[in-house]
Structure formats: C-alpha cells, structure tokens
file target.txt (compact mmCIF, C-alpha atoms)
# COMPACT_ATOMS: atom_id res chain seq x y z
CA MET R 1 -47.35 -56.95 -12.39
CA SER R 2 -46.78 -54.96 -9.19
CA LYS R 3 -46.17 -56.77 -5.92
CA ALA R 4 -49.23 -55.10 -4.42
CA ARG R 5 -51.42 -56.37 -7.26
CA GLU R 6 -49.96 -59.88 -6.93
CA LEU R 7 -50.64 -59.80 -3.19
CA LEU R 8 -54.21 -58.66 -3.79
CA GLU R 9 -54.90 -61.43 -6.30
CA GLU R 10 -53.27 -64.08 -4.10
CA THR R 11 -55.38 -62.95 -1.15
CA LEU R 12 -58.71 -63.02 -2.98
CA GLU R 13 -58.68 -66.77 -3.63
CA SER R 14 -56.62 -69.34 -1.78
CA GLU R 15 -56.25 -73.07 -2.15
CA LEU R 16 -55.66 -74.87 1.14
CA THR R 17 -55.03 -78.49 2.01
CA LEU R 18 -56.68 -79.37 5.32
CA SER R 19 -55.32 -81.83 7.88
CA SER R 20 -57.52 -84.54 6.32
CA GLY R 21 -55.82 -84.13 2.94
CA VAL R 22 -58.90 -82.48 1.44
CA THR R 23 -58.01 -79.50 -0.76
CA VAL R 24 -60.46 -76.59 -0.67
CA THR R 25 -60.63 -73.23 -2.37
CA ILE R 26 -61.32 -70.30 -0.04
CA LEU R 27 -63.14 -67.26 -1.41
CA PRO R 28 -63.55 -63.91 0.38
CA PHE R 29 -66.45 -63.66 2.81
CA PRO R 30 -69.16 -61.36 1.36
CA SER R 31 -68.37 -58.07 3.10
CA GLN R 32 -71.94 -56.74 2.98
CA LEU R 33 -73.24 -59.94 4.61
CA TYR R 34 -71.00 -59.66 7.65
CA PRO R 35 -72.80 -56.80 9.47
CA LYS R 36 -76.22 -58.40 8.90
CA LEU R 37 -75.00 -61.79 10.04
CA ASP R 38 -73.36 -60.24 13.09
CA ALA R 39 -76.60 -58.41 14.00
CA LYS R 40 -78.63 -61.61 13.57
CA ALA R 41 -76.18 -63.56 15.72
CA LEU R 42 -76.41 -60.93 18.48
CA ARG R 43 -80.23 -60.94 18.32
CA GLU R 44 -80.39 -64.74 18.51
CA HIS R 45 -77.56 -65.17 21.01
CA PRO R 46 -77.15 -61.99 23.07
CA ASP R 47 -74.69 -61.76 25.91
CA PRO R 48 -76.43 -62.67 29.17
CA GLU R 49 -76.94 -60.13 31.90
CA PRO R 50 -74.56 -60.76 34.80
CA PRO R 51 -76.08 -61.50 38.17
CA MET R 52 -75.89 -58.78 40.76
CA LYS R 53 -73.89 -58.92 43.97
CA ILE R 54 -73.80 -56.69 47.00
CA ILE R 55 -70.52 -55.08 47.95
CA GLU R 56 -69.49 -53.01 50.91
CA VAL R 57 -68.84 -49.33 50.18
CA VAL R 58 -67.85 -46.45 52.44
CA ASP R 59 -71.41 -45.47 53.32
CA GLY R 60 -73.08 -48.92 53.29
CA THR R 61 -73.64 -51.39 50.48
CA GLU R 62 -74.08 -51.23 46.74
CA GLU R 63 -75.44 -53.68 44.17
CA VAL R 64 -73.07 -54.23 41.22
CA PRO R 65 -72.85 -56.72 38.34
CA ASP R 66 -70.95 -59.91 39.26
CA GLU R 67 -69.07 -60.50 36.03
CA GLU R 68 -66.84 -63.10 37.72
CA ASP R 69 -69.81 -65.40 38.49
CA GLU R 70 -69.08 -68.89 37.08
CA GLY R 71 -72.62 -69.37 35.77
CA TYR R 72 -72.49 -66.00 34.01
CA GLN R 73 -69.06 -66.77 32.52
CA GLU R 74 -70.34 -70.12 31.19
CA ALA R 75 -73.47 -68.49 29.70
CA LEU R 76 -71.28 -65.79 28.13
CA ARG R 77 -69.02 -68.45 26.55
CA GLU R 78 -72.08 -70.29 25.23
CA ALA R 79 -73.49 -67.11 23.64
CA ARG R 80 -70.15 -66.25 22.04
CA ASN R 81 -69.69 -69.81 20.79
CA ALA R 82 -73.19 -69.80 19.27
CA ARG R 83 -72.41 -66.54 17.44
CA GLN R 84 -69.08 -67.95 16.23
CA SER R 85 -70.84 -71.11 15.01
CA LEU R 86 -73.29 -69.06 12.94
CA LEU R 87 -70.42 -67.13 11.34
CA LEU R 88 -68.44 -70.31 10.71
CA GLU R 89 -71.41 -72.00 9.04
CA ALA R 90 -71.82 -68.97 6.75
CA ILE R 91 -68.10 -69.10 5.94
CA LEU R 92 -68.36 -72.79 5.05
CA ASP R 93 -71.44 -72.05 2.93
CA PHE R 94 -70.22 -68.98 1.04
CA CYS R 95 -66.44 -69.23 1.08
CA VAL R 96 -65.36 -72.86 0.86
CA GLU R 97 -65.45 -74.70 -2.42
CA VAL R 98 -64.64 -78.41 -2.54
CA ASP R 99 -65.02 -80.95 -5.33
CA MET R 100 -67.49 -83.31 -3.66
CA ASP R 101 -67.30 -85.79 -6.56
CA GLU R 102 -63.67 -86.45 -5.66
CA TRP R 103 -64.66 -87.67 -2.18
CA GLY R 104 -67.41 -90.24 -2.98
CA ASP R 105 -65.72 -93.14 -1.18
CA GLU R 106 -65.13 -91.05 1.94
CA LEU R 107 -68.75 -89.85 1.88
CA THR R 108 -69.92 -93.47 1.78
CA ARG R 109 -67.66 -94.34 4.73
CA LEU R 110 -68.84 -91.29 6.63
CA GLU R 111 -72.51 -92.17 6.10
CA ARG R 112 -71.84 -95.62 7.56
CA TYR R 113 -71.14 -93.95 10.90
CA VAL R 114 -73.32 -90.84 10.96
CA GLY R 115 -76.25 -91.91 8.79
CA GLU R 116 -77.32 -90.38 5.53
CA LEU R 117 -75.95 -86.96 4.76
CA PRO R 118 -78.38 -84.29 3.52
CA GLU R 119 -79.33 -84.34 -0.15
CA ASP R 120 -79.13 -80.55 -0.46
CA PRO R 121 -75.69 -79.89 -2.00
CA VAL R 122 -74.84 -76.98 0.31
CA GLU R 123 -75.90 -78.82 3.48
CA ARG R 124 -74.07 -81.93 2.25
CA LYS R 125 -70.89 -79.91 1.67
CA ILE R 126 -71.09 -78.33 5.14
CA GLU R 127 -71.62 -81.73 6.79
CA PHE R 128 -68.71 -83.21 4.82
CA LEU R 129 -66.46 -80.34 5.88
CA ASN R 130 -67.52 -80.56 9.53
CA GLN R 131 -67.61 -84.35 9.86
CA PHE R 132 -64.63 -85.34 7.69
CA ALA R 133 -62.50 -82.66 6.07
CA MET R 134 -61.91 -80.23 8.94
CA ARG R 135 -60.41 -82.34 11.70
CA THR R 136 -58.62 -79.82 13.88
CA TRP R 137 -59.24 -76.43 15.42
CA GLY R 138 -56.38 -75.29 13.21
CA ASP R 139 -58.38 -76.22 10.09
CA TYR R 140 -61.35 -74.13 11.23
CA ASN R 141 -59.12 -71.25 12.24
CA LEU R 142 -57.21 -71.31 8.94
CA VAL R 143 -60.38 -71.38 6.83
CA ALA R 144 -62.12 -68.62 8.81
CA THR R 145 -59.03 -66.41 8.93
CA THR R 146 -58.33 -66.84 5.22
CA ALA R 147 -61.92 -66.06 4.21
CA THR R 148 -62.23 -62.98 6.42
CA ALA R 149 -58.75 -61.70 5.52
CA ALA R 150 -59.63 -62.06 1.85
CA MET R 151 -62.80 -60.06 2.51
CA MET R 152 -60.68 -57.25 3.98
CA ALA R 153 -58.14 -57.33 1.16
CA GLY R 154 -60.93 -57.32 -1.39
CA SER R 155 -62.39 -54.04 -0.22
CA PRO R 156 -61.72 -51.08 -2.53
CA GLU R 157 -60.18 -49.02 0.28
CA VAL R 158 -57.73 -51.76 1.24
CA ALA R 159 -56.99 -52.45 -2.43
CA GLU R 160 -56.09 -48.79 -2.94
CA ARG R 161 -53.84 -48.87 0.09
CA LEU R 162 -52.14 -52.04 -1.15
CA LYS R 163 -51.41 -50.29 -4.46
CA SER R 164 -49.58 -47.52 -2.61
CA PHE R 165 -47.25 -49.87 -0.69
CA ARG R 166 -43.69 -50.14 -1.96
CA GLY R 167 -42.39 -53.44 -3.18
CA GLU R 168 -39.44 -53.12 -0.83
CA MET R 169 -40.14 -51.15 2.36
CA ALA R 170 -36.46 -50.69 3.26
CA GLN R 171 -35.48 -48.87 0.07
CA PRO R 172 -34.77 -45.14 0.23
CA ALA R 173 -37.51 -42.80 -0.87
CA GLY R 174 -37.20 -41.40 -4.38
CA ASP R 175 -38.50 -38.10 -5.70
CA ASP R 176 -41.78 -39.75 -6.78
CA ALA R 177 -42.59 -41.31 -3.41
CA ASP R 178 -45.90 -40.51 -1.73
CA ALA R 179 -44.56 -41.47 1.67
CA PRO R 180 -41.02 -41.74 3.01
CA GLY R 181 -39.42 -45.17 3.34
CA VAL R 182 -37.65 -46.39 6.46
CA ASP R 183 -34.32 -45.08 5.20
CA ALA R 184 -35.65 -41.64 4.32
CA GLU R 185 -34.82 -38.68 6.47

call {"tool": "encode", "arguments": {"input": "target.txt", "output": "structure tokens"}}
result
Amino acid sequence: MSKARELLEETLESELTLSSGVTVTILPFPSQLYPKLDAKALREHPDPEPPMKIIEVVDGTEEVPDEEDEGYQEALREARNARQSLLLEAILDFCVEVDMDEWGDELTRLERYVGELPEDPVERKIEFLNQFAMRTWGDYNLVATTATAAMMAGSPEVAERLKSFRGEMAQPAGDDADAPGVDAE
C-alpha cells in the first residue's frame, strides 16, 4: 500500500486516549455540514457592532468604530466563544464515538454530583464527554483538530493530492515524476 494511501486511511479514523483515560474514536466532521453550521452560528451569534468614537482629524472631527473598546472586545469574545461551542457540540455529536457501556461506574459517580444525565443516548454521550472524559483544553483541542483535519483529508481533492505526494520527498526526481523533488535541478 502506498504511503499516501496509508496516511489517508490513518487520517480518516483515529483512536485517541483523553486525559481522563477514556478512549474515543474520532471520525471526520461531515464536510457538507460545516458551511451550514457556520452560517447558523453566525446568524445566532453575530459579531457585535463596535461603538463609535470621535477622533480629531485635520479639518475637525470624525466618528470611527472603536474596536479597542473593552465592552466591545468582551462581546466579540462571547460571540466567538458561542460559535465555537456550537461547532464543538456538533463535533462531539457527529465525530466522537465512545463505548458508554464501558463507563457505567463513572456515569453513576458523575450523576451523584451533577444529577441525572439525559436519557437520550446522544445527549448522554455529550454530557459524559463534557463532564467527565474531556478534562483539559488540550482534550477539546485534540478532538476538534483531529475531526476537522480528517474532514479535510477525506475530501476527494485532498485525497488526489495525497496520492501524488512522494513517499520520500528528498529523493531525486525520476523520469516518471510529475513534479521535481528537492534534489532535482
């Protein structure tokens, strides 16, 4: 099997062990969902309009957006965080598989502190991931990055490009090469 094909298959499904010791399988994010989710997130949580401030100019004053305003910066962070949260929830829903049966004791312990978890299997999984399995920012970052990178590697265009990569980039170009290697003249 070619190295490009091996890379493609490795990228499409990854098994990760989170900081909690929970092992999850990460699948690619559905590429056709991303633009719709992004549009929904922007509709529901648009960037705020910055307040205006008056500045001195050569011939008087001018009103310009005050993008350094602390209140505006905080509202902007909140909007961006809300959009990120929506994307992350979709990633946890569509891209993370975990054997919930394996974690029954931990679910019981968790419910002791947070109350009953949802009965719906998807909502229960997301709560388990958020409240127990994913303990660090690094866990969230790793899961999100892996799922979105797999989405990119799973696209036909990227797959075709991966097929054209050489196994060893530093080898000299042969007569059958489509593109010169680093040692080619």

call {"tool": "closest_residue", "arguments": {"input": "target.txt", "among": "R:Arg80, R:Ser20, R:Gly71, R:Glu63", "to": "His45 in chain R", "atoms": "only C-alpha atoms"}}
result
R:Arg80

call {"tool": "residues_near_point", "arguments": {"input": "target.txt", "point": "(-70.9, -67.4, 5.1)", "cutoff": "10 Å", "atoms": "all atoms listed in the file", "output": "JSON list (two decimals) with C-alpha atoms, keeping the file's coordinate frame"}}
result
[["chain", "number", "residue", "atom", "x", "y", "z"],
["R", 28, "PRO", "CA", -63.55, -63.91, 0.38],
["R", 29, "PHE", "CA", -66.45, -63.66, 2.81],
["R", 30, "PRO", "CA", -69.16, -61.36, 1.36],
["R", 31, "SER", "CA", -68.37, -58.07, 3.10],
["R", 33, "LEU", "CA", -73.24, -59.94, 4.61],
["R", 34, "TYR", "CA", -71.00, -59.66, 7.65],
["R", 37, "LEU", "CA", -75.00, -61.79, 10.04],
["R", 86, "LEU", "CA", -73.29, -69.06, 12.94],
["R", 87, "LEU", "CA", -70.42, -67.13, 11.34],
["R", 88, "LEU", "CA", -68.44, -70.31, 10.71],
["R", 89, "GLU", "CA", -71.41, -72.00, 9.04],
["R", 90, "ALA", "CA", -71.82, -68.97, 6.75],
["R", 91, "ILE", "CA", -68.10, -69.10, 5.94],
["R", 92, "LEU", "CA", -68.36, -72.79, 5.05],
["R", 93, "ASP", "CA", -71.44, -72.05, 2.93],
["R", 94, "PHE", "CA", -70.22, -68.98, 1.04],
["R", 95, "CYS", "CA", -66.44, -69.23, 1.08],
["R", 96, "VAL", "CA", -65.36, -72.86, 0.86],
["R", 144, "ALA", "CA", -62.12, -68.62, 8.81],
["R", 147, "ALA", "CA", -61.92, -66.06, 4.21],
["R", 148, "THR", "CA", -62.23, -62.98, 6.42]]

call {"tool": "closest_residue", "arguments": {"input": "target.txt", "among": "R:Glu97, R:Glu127, R:Asp59, R:Glu67", "to": "Ser14 in chain R", "atoms": "all atoms listed in the file"}}
result
R:Glu97

call {"tool": "atom_distance", "arguments": {"input": "target.txt", "atom1": "CA of Val64 in chain R", "atom2": "CA of Arg77 in chain R"}}
result
20.8 Å

call {"tool": "atom_distance", "arguments": {"input": "target.txt", "atom1": "CA of Asp47 in chain R", "atom2": "CA of Leu76 in chain R"}}
result
5.7 Å

call {"tool": "atom_distance", "arguments": {"input": "target.txt", "atom1": "CA of Gly104 in chain R", "atom2": "CA of Glu15 in chain R"}}
result
20.5 Å

call {"tool": "residues_near_point", "arguments": {"input": "target.txt", "point": "(-56.7, -76.5, 6.5)", "cutoff": "9 Å", "atoms": "all atoms listed in the file", "output": "list in words"}}
result
Leu16, Thr17, Leu18, Ser19, Ser20, Gly21, Val22, Thr23, Val24, Ala133, Met134, Arg135, Thr136, Gly138, Asp139, Tyr140, Asn141, Leu142 and Val143 of chain R

call {"tool": "closest_residue", "arguments": {"input": "target.txt", "among": "R:Ala82, R:Leu27, R:Val58, R:Ala149", "to": "Arg43 in chain R", "atoms": "only C-alpha atoms"}}
result
R:Ala82

call {"tool": "residues_around", "arguments": {"input": "target.txt", "residues": "Glu106 in chain R", "least_positions_apart": "6", "cutoff": "10 Å", "atoms": "all atoms listed in the file", "output": "PyMOL selection string"}}
result
chain R and resi 100+112+128+132-133

call {"tool": "write_last_selection", "arguments": {"input": "target.txt", "atoms": "C-alpha atoms", "output": "PDB file, in the coordinates of the input"}}
result
ATOM      1  CA  MET R 100     -67.490 -83.310  -3.660  1.00  0.00           C
ATOM      2  CA  ARG R 112     -71.840 -95.620   7.560  1.00  0.00           C
ATOM      3  CA  PHE R 128     -68.710 -83.210   4.820  1.00  0.00           C
ATOM      4  CA  PHE R 132     -64.630 -85.340   7.690  1.00  0.00           C
ATOM      5  CA  ALA R 133     -62.500 -82.660   6.070  1.00  0.00           C
TER       6      ALA R 133
END

call {"tool": "residues_around", "arguments": {"input": "target.txt", "residues": "Arg124 in chain R", "least_positions_apart": "5", "cutoff": "12 Å", "atoms": "all atoms listed in the file", "output": "VMD selection string"}}
result
chain R and resid 92 to 93 98 to 101 103 to 104 107 110 to 111 116 to 119 129 to 132

call {"tool": "residues_around", "arguments": {"input": "target.txt", "residues": "Glu68 in chain R", "least_positions_apart": "6", "cutoff": "12 Å", "atoms": "only C-alpha atoms", "output": "PDB file with C-alpha atoms, keeping the file's coordinate frame"}}
result
ATOM      1  CA  PRO R  50     -74.560 -60.760  34.800  1.00  0.00           C
ATOM      2  CA  PRO R  51     -76.080 -61.500  38.170  1.00  0.00           C
ATOM      3  CA  MET R  52     -75.890 -58.780  40.760  1.00  0.00           C
ATOM      4  CA  LYS R  53     -73.890 -58.920  43.970  1.00  0.00           C
ATOM      5  CA  GLU R  74     -70.340 -70.120  31.190  1.00  0.00           C
ATOM      6  CA  ALA R  75     -73.470 -68.490  29.700  1.00  0.00           C
ATOM      7  CA  LEU R  76     -71.280 -65.790  28.130  1.00  0.00           C
TER       8      LEU R  76
END
